[in-house]
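Dumped final-v8.cif below, it's mmCIF, C-alpha atoms:
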data_target
loop_
_atom_site.label_atom_id
_atom_site.label_comp_id
_atom_site.auth_asym_id
_atom_site.auth_seq_id
_atom_site.Cartn_x
_atom_site.Cartn_y
_atom_site.Cartn_z
CA MET A 47 70.64 126.48 117.41
CA LYS A 48 72.84 124.22 119.54
CA PRO A 49 76.40 125.37 120.24
CA LEU A 50 79.18 123.66 118.29
CA ILE A 51 82.62 122.88 119.70
CA ARG A 52 85.36 122.48 117.10
CA GLU A 53 89.08 122.93 116.63
CA VAL A 54 90.18 126.51 116.21
CA LYS A 55 90.90 127.89 112.73
CA PRO A 56 93.11 130.84 111.69
CA GLU A 57 90.03 132.88 110.75
CA ASP A 58 88.78 132.65 114.36
CA LYS A 59 91.42 135.10 115.56
CA PRO A 60 89.24 138.28 115.37
CA PHE A 61 86.58 136.62 117.54
CA ILE A 62 89.20 135.57 120.08
CA GLU A 63 90.73 139.05 120.06
CA GLU A 64 87.29 140.42 120.91
CA ILE A 65 86.93 138.03 123.84
CA ALA A 66 90.41 138.95 125.07
CA LYS A 67 89.65 142.68 124.98
CA LEU A 68 86.62 142.08 127.18
CA THR A 69 88.45 139.87 129.70
CA TRP A 70 90.58 141.00 132.66
CA GLU A 71 90.05 144.65 131.68
CA GLY A 72 91.71 144.03 128.33
CA GLU A 73 94.83 142.41 129.76
CA ASP A 74 94.02 138.84 128.73
CA TYR A 75 96.91 137.10 126.95
CA LEU A 76 94.64 134.96 124.75
CA ALA A 77 95.08 136.98 121.55
CA ARG A 78 98.84 137.14 122.04
CA VAL A 79 99.24 133.36 122.27
CA PHE A 80 96.77 132.54 119.49
CA GLU A 81 99.34 131.54 116.85
CA THR A 82 101.33 129.39 119.28
CA TRP A 83 98.25 127.57 120.56
CA LEU A 84 96.91 127.10 117.03
CA LYS A 85 100.16 125.39 116.05
CA ASP A 86 100.29 123.31 119.24
CA GLY A 87 96.81 121.83 118.78
CA ASN A 88 94.10 120.75 121.23
CA PHE A 89 92.76 124.32 120.98
CA TYR A 90 88.98 124.57 120.67
CA VAL A 91 86.26 127.17 120.22
CA LEU A 92 82.59 127.18 121.09
CA GLU A 93 80.53 128.52 118.18
CA LEU A 94 76.94 129.70 118.37
CA GLU A 95 75.04 130.85 115.27
CA GLY A 96 78.29 131.41 113.39
CA LYS A 97 79.98 133.41 116.16
CA VAL A 98 82.84 132.19 118.35
CA ILE A 99 81.72 132.82 121.93
CA GLY A 100 84.16 130.66 123.90
CA THR A 101 87.57 128.99 123.90
CA ALA A 102 89.45 126.20 125.69
CA LYS A 103 92.93 124.69 125.39
CA LEU A 104 94.61 121.48 126.55
CA THR A 105 98.40 121.50 126.62
CA ILE A 106 100.52 118.40 127.16
CA LEU A 107 103.05 119.05 129.93
CA PRO A 108 105.87 116.85 131.29
CA ASN A 109 105.03 113.85 133.47
CA LYS A 110 101.90 113.02 131.43
CA VAL A 111 99.92 116.06 132.51
CA GLY A 112 97.08 117.48 130.43
CA TRP A 113 97.04 121.17 131.35
CA LEU A 114 93.70 122.96 130.95
CA GLU A 115 93.88 126.66 130.12
CA GLY A 116 92.29 129.41 128.09
CA LEU A 117 88.72 128.60 129.09
CA ARG A 118 86.84 131.78 128.22
CA VAL A 119 83.25 132.72 127.46
CA HIS A 120 82.36 136.02 125.83
CA PRO A 121 80.87 138.29 128.54
CA SER A 122 77.62 138.66 126.59
CA TYR A 123 77.09 134.87 126.78
CA GLN A 124 78.12 134.19 130.37
CA LYS A 125 75.80 132.78 133.03
CA ARG A 126 74.12 130.58 130.41
CA GLY A 127 75.98 127.31 131.01
CA PHE A 128 78.46 127.63 128.14
CA GLY A 129 81.44 127.46 130.51
CA ARG A 130 80.20 124.11 131.78
CA VAL A 131 79.70 122.89 128.19
CA LEU A 132 83.33 123.72 127.36
CA HIS A 133 84.59 122.28 130.63
CA ASN A 134 82.75 118.97 130.08
CA PHE A 135 84.11 118.76 126.54
CA MET A 136 87.67 119.23 127.78
CA LEU A 137 87.19 116.55 130.44
CA GLN A 138 86.15 114.13 127.72
CA LYS A 139 89.19 115.07 125.61
CA GLY A 140 91.37 114.45 128.65
CA LYS A 141 89.84 111.04 129.28
CA ALA A 142 90.32 110.11 125.61
CA LEU A 143 94.01 111.08 125.81
CA ALA A 144 94.36 109.09 129.04
CA GLU A 145 92.93 105.99 127.34
CA LYS A 146 95.64 106.36 124.70
CA GLY A 147 98.32 106.63 127.41
CA VAL A 148 99.23 110.22 126.50
CA ILE A 149 98.32 111.68 129.91
CA ASP A 150 97.31 110.32 133.30
CA ALA A 151 95.91 113.47 134.92
CA LEU A 152 94.36 116.84 134.19
CA GLU A 153 95.62 119.97 135.93
CA PHE A 154 94.97 123.70 135.79
CA SER A 155 95.51 126.89 137.78
CA THR A 156 93.14 129.71 138.57
CA TYR A 157 92.75 132.83 140.69
CA PHE A 158 91.36 131.98 144.13
CA LEU A 159 88.29 134.21 143.65
CA ASN A 160 87.25 132.46 140.42
CA LYS A 161 84.47 130.80 142.40
CA GLU A 162 82.56 129.41 139.42
CA SER A 163 85.56 127.54 138.01
CA ILE A 164 86.63 126.31 141.44
CA ALA A 165 83.15 124.99 142.31
CA MET A 166 82.89 123.28 138.91
CA ALA A 167 86.32 121.68 139.32
CA LYS A 168 85.70 120.41 142.84
CA LYS A 169 82.37 118.91 141.74
CA ASP A 170 84.22 116.98 139.04
CA GLY A 171 86.81 115.60 141.45
CA PHE A 172 89.71 118.04 141.11
CA LYS A 173 91.82 118.57 144.24
CA ILE A 174 94.01 121.53 145.18
CA VAL A 175 97.66 120.43 144.99
CA GLY A 176 99.49 123.75 145.08
CA ARG A 177 99.09 127.37 146.21
CA PHE A 178 101.09 130.42 145.17
CA TYR A 179 101.20 134.17 145.81
CA TYR A 180 101.20 136.22 142.60
CA ILE A 181 103.53 139.12 143.41
CA GLN A 182 104.43 142.15 141.29
CA ARG A 183 106.92 144.99 141.37
CA ALA A 184 107.53 148.06 139.24
CA LEU A 185 110.55 147.97 136.94
CA GLY A 186 113.84 149.54 137.94
CA GLU A 187 117.10 150.26 136.14
CA GLY A 188 117.99 147.45 133.76
CA GLU A 189 121.20 145.43 133.45
CA HIS A 190 121.86 143.02 130.59
CA PRO A 191 121.94 139.32 131.69
CA LYS A 192 123.43 136.53 129.59
CA PRO A 193 121.65 133.46 128.18
CA SER A 194 121.96 130.31 130.27
CA LYS A 195 120.70 126.76 130.82
CA ILE A 196 119.34 124.66 133.66
CA HIS A 197 121.87 121.92 134.35
CA SER A 198 120.18 120.20 137.28
CA LEU A 199 116.91 120.24 139.20
CA GLU A 200 119.02 120.96 142.27
CA GLU A 201 119.46 124.51 140.95
CA LEU A 202 115.75 125.19 141.49
CA ASP A 203 114.34 125.99 144.96
CA TYR A 204 110.88 124.55 144.25
CA LYS A 205 109.50 121.41 145.89
CA ASP A 206 106.64 119.96 143.84
CA TYR A 207 105.74 122.52 141.16
CA ILE A 208 107.94 124.86 139.12
CA PRO A 209 106.11 128.03 137.97
CA TYR A 210 106.07 128.73 134.24
CA GLY A 211 103.73 131.68 133.83
CA TRP A 212 100.29 130.42 134.88
CA LYS A 213 101.38 126.86 134.13
CA PHE A 214 103.03 124.78 136.85
CA LEU A 215 105.43 121.97 135.93
CA HIS A 216 106.13 118.89 138.01
CA ARG A 217 109.63 118.84 139.45
CA CYS A 218 111.11 116.08 137.27
CA GLU A 219 113.85 115.54 134.70
CA GLU A 220 111.38 115.81 131.81
CA SER A 221 110.45 119.30 133.00
CA LEU A 222 114.12 120.30 133.03
CA LYS A 223 114.45 119.32 129.36
CA TRP A 224 111.14 121.05 128.56
CA LEU A 225 112.27 124.29 130.20
CA ASN A 226 115.65 124.28 128.49
CA LYS A 227 113.82 124.03 125.17
CA LYS A 228 111.05 126.56 125.79
CA ALA A 229 111.91 129.04 128.55
CA GLU A 230 114.00 132.20 128.27
CA ILE A 231 116.77 131.35 130.77
CA ARG A 232 119.14 134.09 131.95
CA GLU A 233 122.12 134.46 134.30
CA TYR A 234 123.24 137.61 136.13
CA GLU A 235 125.83 138.04 138.89
CA GLY A 236 126.14 134.27 139.20
CA LEU A 237 122.37 133.81 139.71
CA LYS A 238 119.74 132.49 137.29
CA PHE A 239 116.10 133.02 136.43
CA PHE A 240 113.78 132.18 133.58
CA TYR A 241 110.61 133.61 132.13
CA VAL A 242 107.91 132.58 129.70
CA PRO A 243 108.07 133.86 126.10
CA ILE A 244 105.35 136.47 125.69
CA TYR A 245 103.78 134.50 122.80
CA GLU A 246 103.15 131.55 125.16
CA ASN A 247 101.65 132.92 128.37
CA GLU A 248 101.97 135.68 130.94
CA PRO A 249 105.74 136.36 131.23
CA THR A 250 106.20 135.72 134.94
CA PHE A 251 109.76 135.44 136.25
CA THR A 252 111.04 132.38 138.10
CA PRO A 253 114.25 132.96 140.11
CA PHE A 254 116.14 129.71 140.64
CA LYS A 255 116.99 130.59 144.24
CA LEU A 256 114.18 131.70 146.53
CA SER A 257 115.92 134.13 148.85
CA THR A 258 115.60 137.85 149.43
CA GLU A 259 119.22 138.42 148.45
CA SER A 260 118.91 136.41 145.22
CA ILE A 261 115.74 138.17 144.10
CA LYS A 262 117.16 141.58 145.02
CA THR A 263 120.32 140.88 143.01
CA LEU A 264 118.31 139.77 139.97
CA LEU A 265 115.97 142.80 139.90
CA PRO A 266 118.08 144.78 137.35
CA ALA A 267 118.30 141.76 135.02
CA MET A 268 114.60 140.96 135.31
CA SER A 269 113.79 144.64 134.69
CA PHE A 270 115.96 144.56 131.55
CA GLU A 271 114.18 141.48 130.18
CA ALA A 272 110.73 142.83 131.04
CA LYS A 273 111.43 146.10 129.21
CA LYS A 274 112.81 144.18 126.24
CA ILE A 275 109.52 142.32 125.73
CA GLY A 276 107.36 145.37 126.43
CA TYR A 277 106.20 144.27 129.86
CA ASP A 278 105.74 146.86 132.62
CA SER A 279 106.34 144.86 135.81
CA ILE A 280 108.27 142.00 137.38
CA ASP A 281 105.78 139.24 138.22
CA ILE A 282 106.75 136.22 140.33
CA MET A 283 104.82 133.17 141.56
CA LEU A 284 105.90 132.68 145.18
CA PRO A 285 105.16 129.21 146.65
CA GLU A 286 102.93 129.13 149.72
CA ASP A 287 105.65 127.44 151.79
CA ARG A 288 107.96 130.43 151.27
CA ASP A 289 105.77 132.95 153.04
CA ASP A 290 108.85 133.75 155.15
CA LEU A 291 109.92 135.92 152.19
CA ILE A 292 106.77 138.05 152.15
CA GLU A 293 107.88 140.83 154.48
CA PRO A 294 111.39 141.17 152.94
CA LEU A 295 109.88 141.20 149.43
CA LYS A 296 107.37 143.86 150.45
CA GLU A 297 110.35 145.98 151.50
CA LEU A 298 111.77 145.46 148.01
CA GLY A 299 108.55 146.91 146.55
CA PHE A 300 106.64 143.75 145.72
CA LYS A 301 102.87 143.85 146.05
CA ASN A 302 100.08 141.32 145.90
CA TRP A 303 96.46 141.63 144.74
CA THR A 304 95.15 140.71 148.21
CA ASP A 305 97.99 142.21 150.28
CA PHE A 306 99.26 138.70 151.02
CA ARG A 307 96.22 137.70 153.09
CA GLU A 308 96.37 134.23 151.54
CA PRO A 309 97.79 132.49 148.44
CA ASP A 310 95.77 133.70 145.46
CA VAL A 311 96.77 131.23 142.72
CA LEU A 312 95.51 127.66 143.12
CA VAL A 313 96.74 124.57 141.24
CA PHE A 314 94.18 121.77 140.75
CA ARG A 315 94.69 118.13 139.72
CA MET A 316 92.40 115.24 138.80
CA GLU A 317 93.70 111.71 138.25
CA LEU A 318 92.36 109.97 135.14
#
So, in terms of structure tokens, how does the structure I just supplied come out?
Amino acid sequence: MKPLIREVKPEDKPFIEEIAKLTWEGEDYLARVFETWLKDGNFYVLELEGKVIGTAKLTILPNKVGWLEGLRVHPSYQKRGFGRVLHNFMLQKGKALAEKGVIDALEFSTYFLNKESIAMAKKDGFKIVGRFYYIQRALGEGEHPKPSKIHSLEELDYKDYIPYGWKFLHRCEESLKWLNKKAEIREYEGLKFFYVPIYENEPTFTPFKLSTESIKTLLPAMSFEAKKIGYDSIDIMLPEDRDDLIEPLKELGFKNWTDFREPDVLVFRMEL
């Protein structure tokens, strides 16, 4: 029987929970974001003989970006070309949206050792446009921050892309409005940060100011928010061009999956 790609339905959740449990040693966020992605739309599953064996999502981001995420294949069905089937389908969806003027490019991020996805993307014409270090630190004592807003892009020390979990937003006014609507924005000791709601993506923290002193000052507030949502670490996406902060952040207890040998999160883009 040929595989079928269709829009996700509420009754698909148990299948997707199974895939999530078998991905990233059970730490995949897919099951947690299911309801949000279902409501948002452009969320698809690959079905084979009545069983959901794969997923893929396209999210519309500011600046006419179609963001590809959530591409998963059940481990029992990997290495059989189903990832390519899903990927090709999403490329066609992106091109259809581009023809309607909804988006003008597709983008996505991935771990730098995800060789299969990277090779597939490069073959299709995607180019690397951003690199980040995924850094983590254990929680400390918490201090309650207060809710806040982003008033200007000048508040944010990011050049081209602003991290929002594993999504990366273009630095533009539309992104500012998008973040004020969606992100959990906090202020503490005169400094600000935001993080992604846990029902949307991995809750990484984005400090507005990229300096050792700023991040150090915000640690109690970020620890408080992480504990509040049941998360056990402070995770930050550090831009490649701020590698001057690596040694000071290591002294603050931050670690990296590859010990900072090279940026381990890659952002890809393909013009449509």
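Put simply, the PyMOL selection byres ((chain A and resi 257) around 12) on this file hits Leu202, Asp203, Tyr204, Leu237, Thr252, Pro253, Phe254, Lys255, Leu256, Thr258, Glu259, Ser260, Ile261, Lys262, Thr263, Leu264, Leu284, Arg288, Asp289, Asp290, Leu291, Ile292, Glu293, Pro294 and Leu295 of chain A.
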Query raised in the report: Mind telling me what the PyMOL selection byres ((chain A and resi 249) around 10) catches here, as number ranges by chain?
Result: A: 75, 210-212, 229-230, 240-248, 250-252, 271-272, 275, 277, 279-282
Requested in this report: Expand the PyMOL selection byres ((chain A and resi 313) around 8) into the individual residues it matches in the shown file, reporting them as a VMD selection string.
Outcome: chain A and resid 153 to 156 174 to 177 214 311 to 312 314 to 315
Store the residues picked out above in a file with C-alpha atoms, as a CSV table (one decimal), in the coordinates of the input.
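Final file, result-v9.csv:
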chain,number,residue,atom,x,y,z
A,153,GLU,CA,95.6,120.0,135.9
A,154,PHE,CA,95.0,123.7,135.8
A,155,SER,CA,95.5,126.9,137.8
A,156,THR,CA,93.1,129.7,138.6
A,174,ILE,CA,94.0,121.5,145.2
A,175,VAL,CA,97.7,120.4,145.0
A,176,GLY,CA,99.5,123.8,145.1
A,177,ARG,CA,99.1,127.4,146.2
A,214,PHE,CA,103.0,124.8,136.8
A,311,VAL,CA,96.8,131.2,142.7
A,312,LEU,CA,95.5,127.7,143.1
A,314,PHE,CA,94.2,121.8,140.8
A,315,ARG,CA,94.7,118.1,139.7
Query - Residue nearest Phe135 in chain A - candidates A:Ile208, A:Leu104, A:Ile231, A:Ile196, atoms counted: all atoms listed in the file - result: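 Going through A:Ile208, A:Leu104, A:Ile231, A:Ile196 one by one, the smallest distance to Phe135 in chain A is for A:Leu104.
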Query - Point-to-point distance from CA of Arg183 in chain A to CA of Phe300 in chain A, Å rounded to tenths - result: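 It comes out at 4.5 Å.
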Report task. Could you tell me which of A:Gly186, A:Leu298, A:Tyr234, A:Phe306 comes closest to Asp278 in chain A if we count all atoms listed in the file? Result -> A:Gly186
Query raised in the report: Looking at A:Lys55, A:Lys227, A:Lys169, A:Arg232, which one is nearest to Met316 in chain A, with distances taken over all atoms listed in the file?
Result: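 Going through A:Lys55, A:Lys227, A:Lys169, A:Arg232 one by one, the smallest distance to Met316 in chain A is for A:Lys169.
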Starting from 4 Å padding per side, set up an axis-aligned box that covers all listed atoms of range 107-119 of chain A and hand over centre and edge lengths in Å, one decimal, as lines of an AutoDock Vina configuration file.
center_x = 94.6
center_y = 122.9
center_z = 130.5
size_x = 30.6
size_y = 27.7
size_z = 14.0
